[in-house]
Structures are given as structure tokens and as C-alpha cells.
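Just protein.cif here, mmCIF, C-alpha atoms:
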```
data_entry
loop_
_atom_site.label_atom_id
_atom_site.label_comp_id
_atom_site.auth_asym_id
_atom_site.auth_seq_id
_atom_site.Cartn_x
_atom_site.Cartn_y
_atom_site.Cartn_z
CA MET A 75 -74.30 63.31 -74.06
CA LYS A 76 -73.71 65.09 -70.81
CA ALA A 77 -71.53 63.22 -68.36
CA ALA A 78 -73.35 61.54 -65.48
CA ILE A 79 -72.68 63.12 -62.10
CA TYR A 80 -72.42 61.63 -58.64
CA LEU A 81 -74.49 63.54 -56.13
CA ALA A 82 -72.96 62.66 -52.77
CA ALA A 83 -75.25 61.82 -49.89
CA ALA A 84 -73.45 64.45 -47.83
CA CYS A 85 -74.94 67.08 -50.09
CA CYS A 86 -78.51 66.12 -49.40
CA LEU A 87 -78.95 65.96 -45.64
CA ALA A 88 -82.20 67.63 -44.64
CA MET A 89 -82.79 68.69 -48.24
CA ASN A 90 -85.28 66.09 -49.43
CA THR A 91 -88.59 67.86 -48.94
CA TYR A 92 -88.75 70.51 -51.65
CA ALA A 93 -91.71 70.39 -53.99
CA GLN A 94 -90.87 68.89 -57.38
CA THR A 95 -93.03 71.29 -59.30
CA LEU A 96 -91.89 71.76 -62.88
CA PRO A 97 -92.59 74.95 -64.82
CA ALA A 98 -96.04 75.07 -66.37
CA THR A 99 -96.34 74.07 -70.04
CA ARG A 100 -99.22 74.08 -72.48
CA ASN A 101 -98.31 70.58 -73.62
CA LYS A 102 -98.12 67.35 -71.65
CA PHE A 103 -95.22 66.08 -73.74
CA VAL A 104 -92.27 68.44 -73.31
CA VAL A 105 -90.07 69.54 -76.22
CA VAL A 106 -86.72 71.06 -75.31
CA ALA A 107 -84.76 72.91 -78.00
CA HIS A 108 -81.09 72.00 -77.49
CA ARG A 109 -79.11 75.26 -77.16
CA GLY A 110 -82.22 76.98 -78.45
CA ASN A 111 -83.63 76.37 -81.92
CA HIS A 112 -80.37 76.76 -83.84
CA VAL A 113 -81.29 75.17 -87.16
CA GLN A 114 -81.17 78.53 -88.95
CA VAL A 115 -79.41 80.79 -86.41
CA PRO A 116 -76.46 80.34 -84.02
CA GLU A 117 -76.94 78.40 -80.80
CA ASN A 118 -77.22 80.07 -77.40
CA THR A 119 -78.23 83.43 -78.88
CA VAL A 120 -81.29 85.61 -78.43
CA ALA A 121 -82.15 84.72 -82.03
CA ALA A 122 -82.14 81.02 -81.10
CA ILE A 123 -84.48 81.82 -78.21
CA GLU A 124 -86.82 83.69 -80.55
CA GLU A 125 -86.77 80.75 -82.95
CA THR A 126 -87.60 78.41 -80.08
CA ILE A 127 -90.64 80.52 -79.22
CA ARG A 128 -91.70 80.76 -82.86
CA CYS A 129 -91.67 77.00 -83.40
CA GLY A 130 -93.66 76.29 -80.23
CA ALA A 131 -91.14 74.36 -78.10
CA ASP A 132 -91.67 74.29 -74.34
CA TYR A 133 -88.08 74.98 -73.26
CA ALA A 134 -84.84 76.36 -74.60
CA GLU A 135 -81.80 74.56 -73.24
CA LEU A 136 -79.20 77.26 -72.55
CA ASP A 137 -75.62 76.93 -71.30
CA LEU A 138 -74.41 79.29 -68.57
CA ARG A 139 -70.87 80.44 -67.78
CA THR A 140 -69.19 83.24 -65.83
CA THR A 141 -66.79 85.81 -67.28
CA LYS A 142 -63.56 87.05 -65.71
CA ASP A 143 -65.43 89.96 -64.12
CA GLY A 144 -68.23 87.78 -62.75
CA GLN A 145 -70.87 88.37 -65.42
CA LEU A 146 -73.16 85.58 -66.64
CA VAL A 147 -73.21 84.77 -70.36
CA LEU A 148 -74.49 82.00 -72.62
CA MET A 149 -71.80 79.71 -74.03
CA HIS A 150 -71.62 75.92 -74.30
CA ASN A 151 -67.86 75.47 -74.57
CA ALA A 152 -65.38 76.70 -71.97
CA THR A 153 -63.71 78.75 -74.72
CA VAL A 154 -65.17 81.19 -77.24
CA ASP A 155 -63.02 79.75 -80.06
CA LYS A 156 -65.64 77.58 -81.77
CA MET A 157 -68.64 79.90 -81.61
CA THR A 158 -67.08 83.33 -82.15
CA ASP A 159 -64.36 85.15 -84.05
CA GLY A 160 -62.34 85.42 -80.84
CA LYS A 161 -60.15 83.13 -78.77
CA GLY A 162 -59.75 82.34 -75.10
CA ASN A 163 -61.59 80.95 -72.11
CA VAL A 164 -64.86 82.58 -71.11
CA ALA A 165 -63.49 82.70 -67.56
CA ASP A 166 -60.44 84.70 -68.75
CA LEU A 167 -62.39 87.32 -70.71
CA THR A 168 -64.37 90.27 -69.40
CA LEU A 169 -67.93 90.88 -70.46
CA ALA A 170 -66.79 93.94 -72.43
CA GLU A 171 -64.31 91.79 -74.34
CA ILE A 172 -66.89 89.08 -75.04
CA LYS A 173 -69.42 91.67 -76.21
CA GLN A 174 -66.95 92.76 -78.88
CA LEU A 175 -66.94 89.28 -80.39
CA GLN A 176 -69.16 88.24 -83.25
CA VAL A 177 -70.85 84.84 -83.13
CA ARG A 178 -70.11 82.74 -86.20
CA SER A 179 -73.06 82.38 -88.55
CA THR A 180 -73.84 81.35 -92.10
CA ASP A 181 -76.50 83.96 -92.90
CA GLY A 182 -74.30 87.06 -92.96
CA LYS A 183 -76.07 88.62 -89.97
CA VAL A 184 -74.32 89.88 -86.85
CA TYR A 185 -74.97 87.96 -83.62
CA ARG A 186 -73.47 88.62 -80.20
CA VAL A 187 -72.98 86.48 -77.12
CA PRO A 188 -75.95 87.29 -74.87
CA THR A 189 -75.83 87.91 -71.16
CA PHE A 190 -78.05 85.81 -68.94
CA ALA A 191 -80.13 88.91 -68.24
CA GLU A 192 -80.74 89.38 -71.98
CA ALA A 193 -81.77 85.74 -72.32
CA LEU A 194 -84.15 86.04 -69.36
CA GLN A 195 -85.73 89.15 -70.85
CA ALA A 196 -86.33 87.31 -74.12
CA CYS A 197 -87.88 84.30 -72.36
CA LYS A 198 -89.98 85.94 -69.65
CA GLY A 199 -93.62 84.95 -69.92
CA ARG A 200 -92.97 83.24 -73.26
CA LEU A 201 -90.64 80.29 -72.80
CA ASN A 202 -89.22 78.08 -70.06
CA ILE A 203 -85.48 77.66 -69.60
CA TYR A 204 -83.66 74.35 -69.18
CA LEU A 205 -80.53 75.87 -67.66
CA ASP A 206 -77.45 73.75 -68.30
CA PHE A 207 -75.38 75.03 -65.40
CA LYS A 208 -71.85 74.75 -66.78
CA ALA A 209 -69.69 77.02 -64.60
CA ALA A 210 -71.41 79.92 -62.92
CA ASP A 211 -72.16 81.49 -59.56
CA VAL A 212 -75.33 80.06 -58.01
CA PRO A 213 -76.35 83.07 -55.84
CA GLU A 214 -75.85 85.49 -58.74
CA THR A 215 -77.81 83.23 -61.09
CA TRP A 216 -80.68 83.02 -58.63
CA LYS A 217 -80.54 86.78 -58.03
CA GLN A 218 -80.94 87.42 -61.75
CA LEU A 219 -83.76 84.88 -62.06
CA GLN A 220 -85.60 86.64 -59.23
CA ALA A 221 -84.97 90.09 -60.68
CA ALA A 222 -86.43 88.93 -63.99
CA GLY A 223 -89.42 87.25 -62.34
CA MET A 224 -88.36 83.94 -63.92
CA GLU A 225 -88.22 81.76 -60.79
CA LYS A 226 -91.13 79.63 -62.00
CA GLN A 227 -89.86 79.28 -65.58
CA VAL A 228 -86.59 77.43 -65.02
CA ILE A 229 -85.23 73.97 -64.36
CA VAL A 230 -81.52 73.64 -63.58
CA TYR A 231 -79.37 70.84 -65.00
CA LEU A 232 -76.48 69.92 -62.70
CA ASN A 233 -73.04 69.08 -64.07
CA GLU A 234 -71.07 68.74 -60.81
CA LYS A 235 -71.95 67.23 -57.43
CA GLU A 236 -71.12 70.50 -55.64
CA GLN A 237 -73.85 72.27 -57.61
CA TYR A 238 -76.56 70.24 -55.89
CA LYS A 239 -75.74 71.54 -52.41
CA ALA A 240 -75.26 75.08 -53.69
CA TRP A 241 -78.66 75.15 -55.41
CA ARG A 242 -80.51 73.47 -52.55
CA SER A 243 -78.99 75.99 -50.12
CA THR A 244 -79.67 79.03 -52.29
CA ALA A 245 -83.02 78.15 -53.86
CA PRO A 246 -84.56 74.99 -52.35
CA GLU A 247 -87.70 75.26 -54.48
CA VAL A 248 -85.97 75.24 -57.87
CA PRO A 249 -86.47 71.91 -59.70
CA LEU A 250 -83.19 70.19 -60.48
CA MET A 251 -82.30 67.84 -63.32
CA ALA A 252 -79.38 65.43 -63.66
CA SER A 253 -78.08 62.34 -65.34
CA LEU A 254 -78.33 59.12 -63.36
CA PRO A 255 -75.18 58.98 -61.21
CA ASP A 256 -72.40 56.54 -62.00
CA GLY A 257 -72.60 53.42 -59.86
CA ILE A 258 -76.40 53.33 -59.75
CA SER A 259 -77.60 50.59 -62.06
CA THR A 260 -80.37 48.71 -60.23
CA PRO A 261 -83.86 49.74 -59.10
CA GLU A 262 -82.85 49.14 -55.50
CA GLN A 263 -79.88 51.48 -55.79
CA LEU A 264 -82.01 54.15 -57.45
CA ASP A 265 -84.69 53.85 -54.79
CA SER A 266 -82.10 54.30 -52.03
CA PHE A 267 -80.62 57.29 -53.87
CA LEU A 268 -83.95 59.05 -54.34
CA LYS A 269 -84.77 58.68 -50.66
CA LYS A 270 -81.87 61.04 -50.00
CA VAL A 271 -81.59 63.25 -53.08
CA ARG A 272 -84.55 65.05 -54.67
CA ILE A 273 -84.30 65.35 -58.43
CA ALA A 274 -87.18 66.51 -60.63
CA VAL A 275 -85.97 65.11 -63.98
CA PHE A 276 -83.48 62.50 -65.18
CA ASP A 277 -82.23 62.38 -68.76
CA ASN A 278 -80.75 58.88 -69.01
CA ILE A 279 -83.15 56.33 -67.51
CA THR A 280 -84.55 53.98 -70.16
CA THR A 281 -85.46 50.60 -68.62
CA PRO A 282 -89.00 49.91 -67.35
CA GLU A 283 -87.74 48.85 -63.93
CA MET A 284 -85.73 52.03 -63.34
CA MET A 285 -88.50 54.20 -64.75
CA ALA A 286 -90.95 52.64 -62.30
CA VAL A 287 -88.76 53.80 -59.43
CA ALA A 288 -88.55 57.28 -60.93
CA ARG A 289 -92.34 57.44 -61.16
CA LYS A 290 -92.60 56.39 -57.50
CA TYR A 291 -90.67 59.53 -56.58
CA ASN A 292 -92.45 61.77 -59.09
CA VAL A 293 -89.32 62.13 -61.22
CA ALA A 294 -89.90 62.88 -64.91
CA ILE A 295 -87.78 61.44 -67.72
CA TRP A 296 -86.71 63.69 -70.61
CA LEU A 297 -84.41 61.85 -73.00
CA ASP A 298 -81.86 63.38 -75.36
CA VAL A 299 -82.65 62.47 -78.96
CA GLN A 300 -80.19 64.78 -80.72
CA THR A 301 -77.87 62.81 -83.00
CA PRO A 302 -76.35 63.53 -86.45
CA THR A 303 -79.15 61.44 -87.96
CA GLU A 304 -81.97 62.55 -85.66
CA GLY A 305 -85.42 61.95 -87.06
CA PRO A 306 -88.80 60.23 -86.57
CA ALA A 307 -87.30 56.82 -85.81
CA HIS A 308 -85.29 58.28 -82.92
CA TRP A 309 -88.26 60.27 -81.64
CA GLN A 310 -90.60 57.30 -81.69
CA ALA A 311 -88.05 54.99 -80.07
CA ALA A 312 -87.74 57.44 -77.19
CA MET A 313 -91.47 58.09 -76.82
CA SER A 314 -92.30 54.38 -76.89
CA LYS A 315 -90.64 54.13 -73.47
CA GLY A 316 -93.39 56.22 -71.91
CA ILE A 317 -91.26 59.28 -71.14
CA GLN A 318 -92.49 62.80 -70.53
CA GLY A 319 -90.24 64.81 -72.88
CA VAL A 320 -87.21 64.98 -75.17
CA GLN A 321 -84.36 67.33 -75.96
CA THR A 322 -83.83 67.84 -79.69
CA ASP A 323 -81.71 69.67 -82.25
CA HIS A 324 -84.74 69.89 -84.56
CA PRO A 325 -87.62 71.20 -82.45
CA GLU A 326 -89.77 72.46 -85.30
CA ALA A 327 -89.58 69.19 -87.23
CA LEU A 328 -90.26 67.23 -84.05
CA ILE A 329 -93.28 69.38 -83.17
CA ASN A 330 -94.67 68.93 -86.68
CA TYR A 331 -94.26 65.18 -86.26
CA LEU A 332 -95.94 65.21 -82.84
CA ASN A 333 -98.85 67.27 -84.12
CA ALA A 334 -99.31 65.11 -87.22
CA ASN A 335 -99.49 62.02 -85.02
CA ARG A 336 -101.51 63.70 -82.24
CA LEU A 337 -98.77 63.02 -79.70
CA ARG A 338 -98.26 66.45 -78.15
CA ASP A 339 -100.85 65.94 -75.42
CA GLY A 340 -99.88 62.44 -74.41
CA ILE A 341 -97.83 59.33 -75.08
CA THR A 342 -98.58 56.57 -77.55
CA THR A 343 -96.53 53.86 -79.22
CA THR A 344 -98.44 53.69 -82.49
CA ALA A 345 -97.27 56.80 -84.35
CA SER A 346 -96.27 56.40 -87.97
CA VAL A 347 -92.54 56.69 -88.63
CA GLN A 348 -91.74 58.16 -92.01
#
```
Will you turn the file into C-alpha cells for me?
Amino acid sequence: MKAAIYLAAACCLAMNTYAQTLPATRNKFVVVAHRGNHVQVPENTVAAIEETIRCGADYAELDLRTTKDGQLVLMHNATVDKMTDGKGNVADLTLAEIKQLQVRSTDGKVYRVPTFAEALQACKGRLNIYLDFKAADVPETWKQLQAAGMEKQVIVYLNEKEQYKAWRSTAPEVPLMASLPDGISTPEQLDSFLKKVRIAVFDNITTPEMMAVARKYNVAIWLDVQTPTEGPAHWQAAMSKGIQGVQTDHPEALINYLNANRLRDGITTTASVQ
């Protein structure tokens, strides 16, 4: 699970009027492929994006970091050690050095770490991006989104409180997503918070009382369902709460389940769990 962040009130002065318009989707119930559909191919690669499109998910969740020479690349961890045949921090390697690395895979094919521009090109007009903003430059990220014509196909997940002010200053219209901040545990606290800070989606609200406050402020709830034992029971437990989407490690299996139970266009609590 992503760590909850505290979005300070100082970051939100005069920034509470942007339209909370999420990217358009063909389905009412949103399916987000965690790190792209990486069941058969490596995560955070162009191949994972293509697999996300093929299986019919609404978003690919992609992790963004900045290289030593200021280039934007996809990588979940701060280091390249786990995902590639190289070693070192992304922030200490140049793009040229990262491009020489091979992403670890089990199918014998060669995969490379993609730049953000390459990911945008693969997604444009075909797939929305849930951008997990790990450690990157906000103005440069927005510049590349504009250059690719992808401004309306992205939602940005915030990991640090400073990112809220940076995104609101750079691109006030971009919908932002976050975890419920630490220290906010009652409907009254959430109501006070949302009067000051405008968030489009939360990923960790589960009680009816808190969800009612979120609905009051037009905030969607997309829960994470990815676990080592993820399956229909987890999906149904999440959907029974009346949420609007989920993030999954098994998007194709989830979509098949949703279609079989006629759940893709709405929410119900009576699906069969097999």
C-alpha cells in the first residue's frame, strides 16, 4: 500500500476551485492495471502498457522518476537493482546509462526502461494514465503531457505534501489522487479537509460515513485490491462498498469477472464469487 500523505493547509490557499473532471472512460466502473498489465511481461514497460490496452483496462498505473540528467523514466523503486540487470539509484544514472540496461523478464525477450515520452506515445488516444508521481519534476512532466496531447488522459497520484502545491501551481486543472492523510479519521475531519484541499480520488476510504463525505465533494474512491491472493472474493468485497474503481495486479481476470457478472457498467453487491 502507498503511504498516506499529509497535505498541509498552507498548500491549498486559493486552490480549491479547479474542476474535478476525471479522464473519460468507456466504463462506469474503473479498472486500473497496477504498473501496467504485468502478468506476462515486465511492469512499467511499453509491453505492459500494450497488454493493458489489449485486456481492456481503463488506466495503466505507471511510476515516474527523474534521471541524473533530468530525464523522465518509468521505474517503481528508487533503484534499478530489482527490475534490471544494473545497479544504482535512478537519480544517479543518466538516461543513456539506463537505456543500456535490460529489464528482467522470464520470457527471454529484451525489454528496456521506457522514457515518459515513450509511455505517453503508447497511451495517447488509447489508454488513460494513473501517474504515480514518485520523484520527478512537475513542470517537465506537465510539459511532456502537453506535448503529447495527453492532458485529458491523466490523473496524478501524490506521494508527498509538496507535490500538491507544485501540481496546483503548474497545472490547476489536472485531477489529483491521494491516500487519506494521517490524522483524519472522522467524517467531520474529512469534511473540514475537503473544504480546503481539492482531491479527485482517494484510495483508502472504506467506511460508509467517510464515503458519504467524499461523495458530497464529488471525490471518487478507487481501492487497491492487489494482494498475493487477489481474486473474486477481494474484488467483490471492495465493490460491495459502492466504490467507483479498483487497482489490480490481474486486470484481465478482473475484467472477465466483471463482464461475467455484468458489473462493468455499474455497482452491485450480488455478484457470484467463485
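Remark: for A:Tyr204, the closest of the candidate residues A:Ala286, A:Ala245, A:Met313, A:Val105 is A:Val105 (distances computed over only C-alpha atoms).
The residues returned by the PyMOL selection byres ((chain A and resi 215) around 10) on the shown structure are A:Leu138, A:Thr140, A:Gln145, A:Leu146, A:Phe190, A:Ala191, A:Phe207, A:Ala210, A:Asp211, A:Val212, A:Pro213, A:Glu214, A:Trp216, A:Lys217, A:Gln218, A:Leu219, A:Gln220, A:Ala221, A:Trp241, A:Thr244.
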Would you output that residue set with C-alpha atoms, as a PDB file, keeping the file's coordinate frame?
```
ATOM      1  CA  LEU A 138     -74.410  79.290 -68.570  1.00  0.00           C
ATOM      2  CA  THR A 140     -69.190  83.240 -65.830  1.00  0.00           C
ATOM      3  CA  GLN A 145     -70.870  88.370 -65.420  1.00  0.00           C
ATOM      4  CA  LEU A 146     -73.160  85.580 -66.640  1.00  0.00           C
ATOM      5  CA  PHE A 190     -78.050  85.810 -68.940  1.00  0.00           C
ATOM      6  CA  ALA A 191     -80.130  88.910 -68.240  1.00  0.00           C
ATOM      7  CA  PHE A 207     -75.380  75.030 -65.400  1.00  0.00           C
ATOM      8  CA  ALA A 210     -71.410  79.920 -62.920  1.00  0.00           C
ATOM      9  CA  ASP A 211     -72.160  81.490 -59.560  1.00  0.00           C
ATOM     10  CA  VAL A 212     -75.330  80.060 -58.010  1.00  0.00           C
ATOM     11  CA  PRO A 213     -76.350  83.070 -55.840  1.00  0.00           C
ATOM     12  CA  GLU A 214     -75.850  85.490 -58.740  1.00  0.00           C
ATOM     13  CA  TRP A 216     -80.680  83.020 -58.630  1.00  0.00           C
ATOM     14  CA  LYS A 217     -80.540  86.780 -58.030  1.00  0.00           C
ATOM     15  CA  GLN A 218     -80.940  87.420 -61.750  1.00  0.00           C
ATOM     16  CA  LEU A 219     -83.760  84.880 -62.060  1.00  0.00           C
ATOM     17  CA  GLN A 220     -85.600  86.640 -59.230  1.00  0.00           C
ATOM     18  CA  ALA A 221     -84.970  90.090 -60.680  1.00  0.00           C
ATOM     19  CA  TRP A 241     -78.660  75.150 -55.410  1.00  0.00           C
ATOM     20  CA  THR A 244     -79.670  79.030 -52.290  1.00  0.00           C
TER      21      THR A 244
END
```
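Here atom CA of A:Val293 is placed at a distance of 17.5 Å from atom CA of A:Asn101.
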*asked:* Could you tell me, as a ChimeraX atom specification, exactly which residues end up selected when the PyMOL selection byres ((chain A and resi 163) around 9) is applied to this structure?
replied: /A:141,151-155,161-162,164-167
_With the PyMOL selection byres ((chain A and resi 113-122) around 10) as the selection, what would be picked from this file? Answer as a PyMOL selection string, please._
chain A and resi 107-112+123-128+134-138+147-150+157+177-181+183+185-189+192-197+323-326
*asked:* Rounded to one decimal, what separation in Å do you get between atom CA of A:Leu254 and atom CA of A:Asp277?
replied: 7.4 Å
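Counting only C-alpha atoms, the residue from A:Thr281, A:Gln227, A:Thr168, A:Gln321 that sits nearest to A:Pro249 is A:Gln227.
Shortest atom-to-atom contact with A:Ala294 among A:Ala312, A:Ala98, A:Leu337, A:Ile317: A:Ile317, counting only C-alpha atoms.
If you look at atom CA of A:Thr301 and atom CA of A:Leu232, they are 21.6 Å away from each other.
Comparing the minimum interatomic distances between A:Asp339 and each of A:Gln318, A:Leu169, A:Leu264, A:Trp296, counting only C-alpha atoms, we find that A:Gln318 sits nearest.
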